[in-house]
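Colleague: Contents of data16.txt (compact mmCIF, C-alpha atoms) are given next:
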# COMPACT_ATOMS: atom_id res chain seq x y z
CA MET P 561 0.00 0.00 0.00
CA PRO P 562 1.20 3.60 -0.51
CA ILE P 563 2.89 5.51 2.30
CA SER P 564 0.35 7.91 3.81
CA ASP P 565 2.46 9.44 6.60
CA LEU P 566 5.75 11.28 6.98
CA VAL P 567 8.88 9.89 5.33
CA HIS P 568 12.57 10.44 6.10
CA PRO P 569 14.15 12.83 6.92
CA ASP P 570 10.99 14.43 8.34
CA LEU P 571 9.94 11.14 9.94
CA GLY P 572 13.09 10.61 11.99
CA ALA P 573 13.10 14.23 13.12
CA TYR P 574 9.43 14.34 14.11
CA ARG P 575 8.63 15.54 17.63
CA SER P 576 5.19 15.40 19.17
CA MET P 577 3.50 18.49 20.52
CA VAL P 578 1.83 16.51 23.34
CA ALA P 579 2.11 18.46 26.58
CA MET P 580 3.09 16.88 29.89
CA PRO P 581 0.34 17.55 32.47
CA GLU P 582 1.71 19.32 35.54
CA ASP P 583 0.34 16.62 37.83
CA PHE P 584 1.30 13.66 35.60
CA ASP P 585 3.71 12.14 38.14
CA ALA P 586 1.39 12.78 41.07
CA PHE P 587 -1.55 11.25 39.22
CA TRP P 588 0.31 8.05 38.46
CA SER P 589 2.02 7.80 41.85
CA SER P 590 -1.33 8.02 43.61
CA THR P 591 -2.94 5.62 41.13
CA ILE P 592 -0.30 2.92 41.70
CA ALA P 593 -0.32 3.52 45.46
CA GLU P 594 -4.12 3.12 45.58
CA ALA P 595 -3.92 -0.13 43.62
CA ARG P 596 -1.28 -1.54 45.96
CA ALA P 597 -3.29 -0.46 49.00
CA ALA P 598 -6.32 -2.33 47.66
CA GLY P 599 -4.45 -5.54 48.42
CA GLY P 600 -5.27 -8.97 47.12
CA LYS P 601 -3.43 -12.27 46.83
CA VAL P 602 -1.35 -13.74 44.05
CA GLU P 603 -2.51 -17.26 43.18
CA ILE P 604 -0.29 -19.60 41.17
CA VAL P 605 -1.66 -22.95 40.05
CA LYS P 606 0.24 -25.40 37.88
CA ALA P 607 -1.56 -25.79 34.54
CA GLU P 608 -2.05 -29.11 32.81
CA THR P 609 -0.45 -29.00 29.36
CA SER P 610 1.26 -31.43 26.99
CA LEU P 611 4.49 -29.42 27.10
CA LYS P 612 7.44 -31.58 28.19
CA VAL P 613 10.42 -29.23 28.61
CA LEU P 614 8.42 -26.23 29.80
CA GLU P 615 6.09 -25.89 32.76
CA THR P 616 3.12 -23.57 32.87
CA TYR P 617 1.37 -21.84 35.75
CA ASP P 618 -2.06 -20.22 35.70
CA VAL P 619 -1.51 -16.99 37.61
CA THR P 620 -4.07 -14.61 39.10
CA PHE P 621 -2.80 -11.35 40.56
CA PRO P 622 -4.54 -8.25 41.98
CA GLY P 623 -4.59 -5.43 39.45
CA PHE P 624 -6.22 -2.00 39.58
CA GLY P 625 -8.69 -1.85 42.47
CA GLY P 626 -7.56 -5.29 43.60
CA HIS P 627 -9.45 -6.76 40.63
CA PRO P 628 -8.23 -10.28 39.74
CA VAL P 629 -6.18 -10.38 36.52
CA LYS P 630 -5.05 -13.58 34.80
CA GLY P 631 -1.81 -14.53 33.09
CA TRP P 632 0.31 -17.49 31.98
CA LEU P 633 3.74 -17.99 33.56
CA ILE P 634 5.90 -20.37 31.51
CA MET P 635 9.44 -21.51 32.37
CA PRO P 636 11.94 -24.21 31.50
CA VAL P 637 11.55 -27.36 33.60
CA ASP P 638 15.33 -27.70 33.79
CA ARG P 639 16.49 -24.47 35.39
CA LYS P 640 19.18 -23.52 37.85
CA GLY P 641 18.57 -20.52 40.03
CA PRO P 642 16.37 -17.47 39.39
CA LEU P 643 15.57 -16.59 35.77
CA PRO P 644 15.29 -13.20 34.05
CA LEU P 645 11.64 -12.26 33.60
CA VAL P 646 9.95 -11.21 30.36
CA VAL P 647 6.43 -9.80 30.73
CA GLN P 648 4.40 -9.57 27.53
CA TYR P 649 1.41 -7.26 27.14
CA ILE P 650 -1.21 -8.03 24.49
CA GLY P 651 -2.39 -6.20 21.39
CA TYR P 652 -5.80 -4.56 21.10
CA GLY P 653 -8.75 -6.94 21.36
CA GLY P 654 -6.65 -9.94 22.38
CA GLY P 655 -6.31 -11.90 25.59
CA ARG P 656 -3.70 -14.20 27.03
CA GLY P 657 -4.71 -16.98 24.65
CA GLN P 658 -3.50 -20.55 25.20
CA PRO P 659 -0.32 -21.49 27.10
CA HIS P 660 1.37 -22.92 24.00
CA ASP P 661 0.70 -19.89 21.76
CA GLN P 662 4.12 -18.27 22.20
CA LEU P 663 7.01 -20.21 23.67
CA HIS P 664 10.19 -18.64 22.33
CA TRP P 665 10.99 -16.66 25.50
CA ALA P 666 10.53 -19.60 27.85
CA ALA P 667 12.38 -21.88 25.44
CA SER P 668 15.26 -19.39 25.47
CA GLY P 669 15.72 -19.61 29.23
CA TYR P 670 13.45 -16.87 30.57
CA ALA P 671 10.55 -16.84 33.00
CA TYR P 672 7.88 -15.66 30.57
CA PHE P 673 4.61 -14.07 31.71
CA ARG P 674 1.81 -13.24 29.27
CA MET P 675 -0.63 -10.89 30.98
CA ASP P 676 -4.31 -11.02 30.16
CA THR P 677 -6.04 -7.78 29.13
CA ARG P 678 -9.04 -6.86 31.24
CA GLY P 679 -12.29 -6.79 29.28
CA GLN P 680 -10.63 -7.81 26.01
CA GLY P 681 -9.88 -11.22 24.54
CA SER P 682 -12.65 -11.75 22.00
CA VAL P 683 -11.24 -10.43 18.72
CA TRP P 684 -8.20 -12.54 17.83
CA SER P 685 -7.27 -14.47 21.00
CA VAL P 686 -9.19 -15.47 24.09
CA GLY P 687 -9.01 -13.85 27.51
CA GLY P 688 -10.35 -14.60 30.95
CA THR P 689 -10.25 -11.30 32.82
CA PRO P 690 -13.35 -9.09 33.09
CA ASP P 691 -13.26 -5.34 33.61
CA PRO P 692 -15.78 -4.80 36.44
CA VAL P 693 -15.85 -1.01 36.05
CA GLY P 694 -18.62 0.60 34.01
CA SER P 695 -18.47 3.54 31.62
CA THR P 696 -20.33 6.63 30.56
CA ALA P 697 -21.35 7.06 26.91
CA SER P 698 -18.65 5.69 24.60
CA PHE P 699 -18.03 4.49 21.09
CA PRO P 700 -17.88 0.67 20.73
CA GLY P 701 -14.42 -0.57 21.64
CA PHE P 702 -12.19 0.48 24.54
CA MET P 703 -10.65 3.77 23.43
CA THR P 704 -13.43 6.03 24.68
CA ARG P 705 -14.55 4.21 27.82
CA GLY P 706 -14.51 6.84 30.56
CA ILE P 707 -12.53 9.20 28.34
CA LEU P 708 -14.08 12.35 29.80
CA ASP P 709 -12.41 11.79 33.20
CA ARG P 710 -8.81 10.61 33.60
CA LYS P 711 -9.74 8.80 36.81
CA ASP P 712 -12.41 6.76 35.03
CA TYR P 713 -10.58 6.13 31.76
CA TYR P 714 -10.19 2.46 30.79
CA TYR P 715 -6.44 2.73 30.28
CA ARG P 716 -5.89 3.92 33.83
CA ARG P 717 -6.99 0.49 34.94
CA LEU P 718 -5.13 -1.42 32.23
CA LEU P 719 -1.80 0.39 32.66
CA THR P 720 -2.00 -0.05 36.42
CA ASP P 721 -2.41 -3.79 35.81
CA CYS P 722 0.94 -3.70 33.98
CA VAL P 723 2.77 -2.57 37.11
CA ARG P 724 0.78 -4.80 39.44
CA ALA P 725 1.74 -7.83 37.32
CA ILE P 726 5.38 -7.14 38.11
CA ASP P 727 4.48 -6.60 41.77
CA GLY P 728 2.97 -10.08 41.79
CA LEU P 729 5.93 -11.82 40.17
CA VAL P 730 9.05 -10.03 41.35
CA ASP P 731 9.38 -11.82 44.69
CA LEU P 732 8.89 -15.35 43.35
CA PRO P 733 11.94 -17.52 44.08
CA PHE P 734 12.48 -18.41 40.41
CA VAL P 735 12.49 -14.75 39.22
CA ASP P 736 15.63 -12.61 39.11
CA ALA P 737 14.33 -9.19 40.18
CA THR P 738 17.38 -7.46 38.73
CA ARG P 739 16.59 -8.64 35.19
CA ILE P 740 13.05 -7.68 34.20
CA ALA P 741 11.97 -6.90 30.64
CA VAL P 742 8.65 -6.01 29.05
CA CYS P 743 7.46 -6.43 25.50
CA GLY P 744 4.39 -6.28 23.29
CA ASP P 745 3.14 -5.21 19.91
CA SER P 746 0.62 -2.48 19.09
CA GLN P 747 -1.41 -1.91 22.28
CA GLY P 748 1.06 -4.19 24.06
CA GLY P 749 3.91 -2.06 22.74
CA GLY P 750 2.34 1.06 24.16
CA MET P 751 1.77 -0.72 27.45
CA SER P 752 5.44 -1.71 27.57
CA ILE P 753 6.50 1.94 27.17
CA ALA P 754 4.04 3.00 29.86
CA ALA P 755 5.26 0.27 32.22
CA ALA P 756 8.88 1.31 31.65
CA GLY P 757 7.94 4.89 32.46
CA LEU P 758 6.08 3.88 35.62
CA ASP P 759 8.29 1.14 37.05
CA PRO P 760 12.07 1.58 37.46
CA ARG P 761 12.47 -2.15 38.15
CA ILE P 762 12.12 -2.69 34.39
CA LYS P 763 15.56 -2.81 32.78
CA ALA P 764 14.60 -3.47 29.14
CA ALA P 765 11.57 -2.69 26.97
CA MET P 766 10.74 -4.02 23.50
CA PRO P 767 7.78 -2.08 22.03
CA ASP P 768 6.79 -3.24 18.55
CA VAL P 769 4.72 -0.89 16.34
CA PRO P 770 3.47 0.77 19.55
CA PHE P 771 -0.04 2.12 19.97
CA LEU P 772 -1.18 4.78 22.50
CA SER P 773 1.26 7.39 21.23
CA ASP P 774 0.87 11.01 20.14
CA PHE P 775 -2.92 10.93 20.36
CA PRO P 776 -3.53 14.39 18.83
CA ARG P 777 -1.78 13.36 15.61
CA ALA P 778 -2.78 9.70 15.63
CA VAL P 779 -6.50 10.43 15.90
CA ARG P 780 -6.25 12.69 12.84
CA VAL P 781 -4.03 10.61 10.54
CA ALA P 782 -4.67 6.92 11.36
CA LEU P 783 -6.77 5.27 8.66
CA ARG P 784 -8.04 2.30 10.64
CA GLU P 785 -9.20 1.46 14.15
CA PRO P 786 -8.57 1.74 17.07
CA TYR P 787 -7.56 5.45 16.92
CA THR P 788 -10.56 6.11 14.69
CA GLU P 789 -12.86 5.17 17.59
CA ILE P 790 -11.87 8.47 19.21
CA ALA P 791 -12.47 10.42 16.00
CA GLN P 792 -15.91 8.83 15.62
CA PHE P 793 -16.73 9.64 19.25
CA LEU P 794 -15.77 13.28 18.70
CA ALA P 795 -17.76 13.43 15.48
CA GLN P 796 -20.86 13.23 17.71
CA GLN P 797 -19.51 14.69 20.96
CA ARG P 798 -18.49 17.87 19.17
CA ASP P 799 -18.03 19.94 22.31
CA LYS P 800 -15.80 17.41 24.10
CA LYS P 801 -12.56 17.71 22.09
CA ASP P 802 -10.56 19.65 24.67
CA LYS P 803 -11.64 17.39 27.51
CA VAL P 804 -10.83 14.24 25.53
CA PHE P 805 -7.28 15.30 24.67
CA GLU P 806 -6.76 16.58 28.21
CA THR P 807 -7.51 13.07 29.46
CA LEU P 808 -5.40 11.35 26.81
CA ALA P 809 -2.28 13.30 27.77
CA TYR P 810 -2.12 11.22 30.95
CA PHE P 811 -1.98 8.01 28.90
CA ASP P 812 0.27 9.02 26.04
CA CYS P 813 3.50 7.07 25.45
CA VAL P 814 5.20 10.34 24.55
CA ASN P 815 4.88 11.34 28.19
CA PHE P 816 5.60 7.91 29.67
CA GLY P 817 8.70 7.63 27.48
CA GLN P 818 10.16 10.78 28.98
CA ARG P 819 10.14 9.00 32.36
CA ALA P 820 11.61 5.69 31.13
CA GLU P 821 15.21 4.70 31.89
CA ALA P 822 15.15 1.08 30.68
CA LYS P 823 17.06 0.21 27.52
CA ALA P 824 14.63 -0.05 24.61
CA LEU P 825 14.38 -1.77 21.24
CA PHE P 826 11.55 -0.27 19.15
CA SER P 827 10.19 -1.36 15.79
CA VAL P 828 8.05 0.45 13.21
CA GLY P 829 6.31 -0.46 9.97
CA LEU P 830 6.76 2.43 7.56
CA MET P 831 3.50 1.61 5.76
CA ASP P 832 1.51 1.24 8.99
CA ASP P 833 -1.94 2.82 8.68
CA ILE P 834 -3.12 1.73 12.17
CA CYS P 835 -0.22 3.16 14.17
CA PRO P 836 1.25 5.67 11.70
CA PRO P 837 5.06 5.69 11.77
CA SER P 838 5.18 9.34 12.84
CA THR P 839 3.36 8.38 16.05
CA VAL P 840 5.87 5.60 16.71
CA TYR P 841 8.72 8.03 16.17
CA ALA P 842 6.98 10.48 18.51
CA ALA P 843 7.33 7.91 21.30
CA TYR P 844 10.82 6.87 20.23
CA ASN P 845 12.21 10.41 20.03
CA ALA P 846 10.73 11.26 23.44
CA TYR P 847 12.05 8.10 25.08
CA ALA P 848 14.68 8.99 27.69
CA GLY P 849 16.55 5.71 28.02
CA GLU P 850 19.17 4.18 25.74
CA LYS P 851 17.31 3.12 22.62
CA GLU P 852 17.36 1.87 19.06
CA ILE P 853 14.69 1.33 16.43
CA VAL P 854 14.25 -1.19 13.62
CA GLU P 855 12.36 -0.09 10.52
CA TYR P 856 10.37 -2.39 8.23
CA ASP P 857 10.07 -0.33 5.08
CA PHE P 858 7.33 -2.24 3.29
CA ASN P 859 5.28 -3.55 6.21
CA ASN P 860 1.99 -2.38 7.58
CA HIS P 861 0.92 -2.93 11.19
CA GLU P 862 2.22 -6.50 11.23
CA GLY P 863 5.72 -5.06 11.45
CA GLY P 864 8.63 -7.46 11.60
CA GLN P 865 6.93 -10.41 13.34
CA ALA P 866 9.38 -13.36 13.53
CA PHE P 867 12.21 -11.20 12.14
CA GLN P 868 11.76 -8.76 15.01
CA GLU P 869 11.42 -11.55 17.58
CA ARG P 870 14.80 -12.88 16.47
CA LYS P 871 16.32 -9.42 16.89
CA GLN P 872 14.70 -9.11 20.33
CA MET P 873 16.09 -12.42 21.55
CA LYS P 874 19.61 -11.51 20.48
CA TRP P 875 19.31 -7.97 21.89
CA LEU P 876 17.88 -9.01 25.26
CA GLY P 877 20.26 -11.94 25.54
CA SER P 878 23.20 -9.55 25.33
CA ILE P 879 21.71 -7.26 28.01
CA PHE P 880 20.79 -10.03 30.44
CA ASP P 881 23.78 -12.26 29.60
CA ILE P 882 21.69 -15.13 28.24
CA GLY P 883 23.83 -17.10 25.78
Using structure tokens, write down the structure from this file.

Modeller:
Amino acid sequence: MPISDLVHPDLGAYRSMVAMPEDFDAFWSSTIAEARAAGGKVEIVKAETSLKVLETYDVTFPGFGGHPVKGWLIMPVDRKGPLPLVVQYIGYGGGRGQPHDQLHWAASGYAYFRMDTRGQGSVWSVGGTPDPVGSTASFPGFMTRGILDRKDYYYRRLLTDCVRAIDGLVDLPFVDATRIAVCGDSQGGGMSIAAAGLDPRIKAAMPDVPFLSDFPRAVRVALREPYTEIAQFLAQQRDKKDKVFETLAYFDCVNFGQRAEAKALFSVGLMDDICPPSTVYAAYNAYAGEKEIVEYDFNNHEGGQAFQERKQMKWLGSIFDIG
């Protein structure tokens, strides 16, 4: 398909105009503190699978509001000592799926956790975590649920779950708390940037074709959902534009990236019409930690897929000293 966004050199030089709210840090500090104060227990149950060299645990941890959130924890059976942890967040509409869906991290010697996505998991993979919080008027999907109030916005709950997942895993005896990485594509990529900006325990982040970035531009230039959900909402809620973008500034990867210190490996599809490449570069250029980006010139939102996974395994292995 033709390129519909910025191209180099303008692309690489692009900087978002998203403003950092004055109370951004206070908002997120209080949000995480409230979630931790809500309490709840981590439950880990060994799952029955046909996998022979890997073992799988069905994990439930307390997320935002203490709400139970599911995930799969998968590790090598033959392991010696604590393992580096890789937490994967899921793309829009998907859930944690089946334990055997993605095994390359566990097969490479990591403790691998695939976090379920509250309220999602019915579009391209299954999930098992409800979102018990309601919403005011919204466009179908998740992008506008509670969007008129940052405290009620759907992504406040989901991004808090990202940090609480690490809270629930970091003290397990088979996890090396000094070697924690996060990854994900699309929505999961945006979540990995947010988590890196919120949680200094994260030492490496691998956001692929990340979503949730540079909302003011993305909503205007993306050709396909999910960003278009916001545009369609505003097409009817004509007087709510300022309030919507005021809320979104608290959930924008451009702002989270400025707080992130973890090393990062980004990827971008230069023909992406879901997460336009300029919005990916907005997050990348704002990202404060040591970083690099891989471009896939002729790919849409699928990005690099297995090619990028191979790059990630080599990159993370060098950081965490996994041969």

Colleague: Which polymer residues, whether protein, DNA or RNA, lie within 12 Å of the coordinate (-7.3, -5.7, 51.0) when you count all atoms listed in the file? List them as a list of chain:residue names, using the chain letters and numbers from the file.

Modeller: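 Applying the cut-off with all atoms listed in the file, one gets P:Glu594, P:Ala595, P:Arg596, P:Ala597, P:Ala598, P:Gly599, P:Gly600, P:Lys601, P:Pro622, P:Gly623, P:Gly625, P:Gly626, P:His627.
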
Colleague: If we count only C-alpha atoms, what is near stretch 651-653 of chain P at a cut-off of 6 Å, once residues fewer than 6 positions away on the same chain are taken out, given as a list in words?

Modeller: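 Those residues are Gln680, Gly681, Val683, Asp745, Ser746, Gln747 and Gly748 of chain P.
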
Colleague: Can you pull out every residue within 9 Å of P:Asp759, counting only C-alpha atoms, but drop anything in the same chain fewer than 6 positions away, and send it as a VMD selection string?

Modeller: chain P and resid 723 726 820

Colleague: Have a look at atom CA of P:Gly849 and atom CA of P:Asp881 and let me know their distance in Å, one decimal.

Modeller: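 Atom CA of P:Gly849 sits 19.4 Å away from atom CA of P:Asp881.
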
Colleague: May I have the residues at most 12 Å from (-14.6, 8.6, 27.9) in the file's coordinates, counting all atoms listed in the file, as an NGL selection string?

Modeller: :P and (694-716 or 789-790 or 793-794 or 797 or 800-801 or 803-808)

Colleague: So which one's closest to P:Ala667, P:Gly572, P:Gly679, P:Pro636, P:Gly654? Using all atoms listed in the file, please.

Modeller: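 Closest to P:Ala667, using all atoms listed in the file: P:Pro636.
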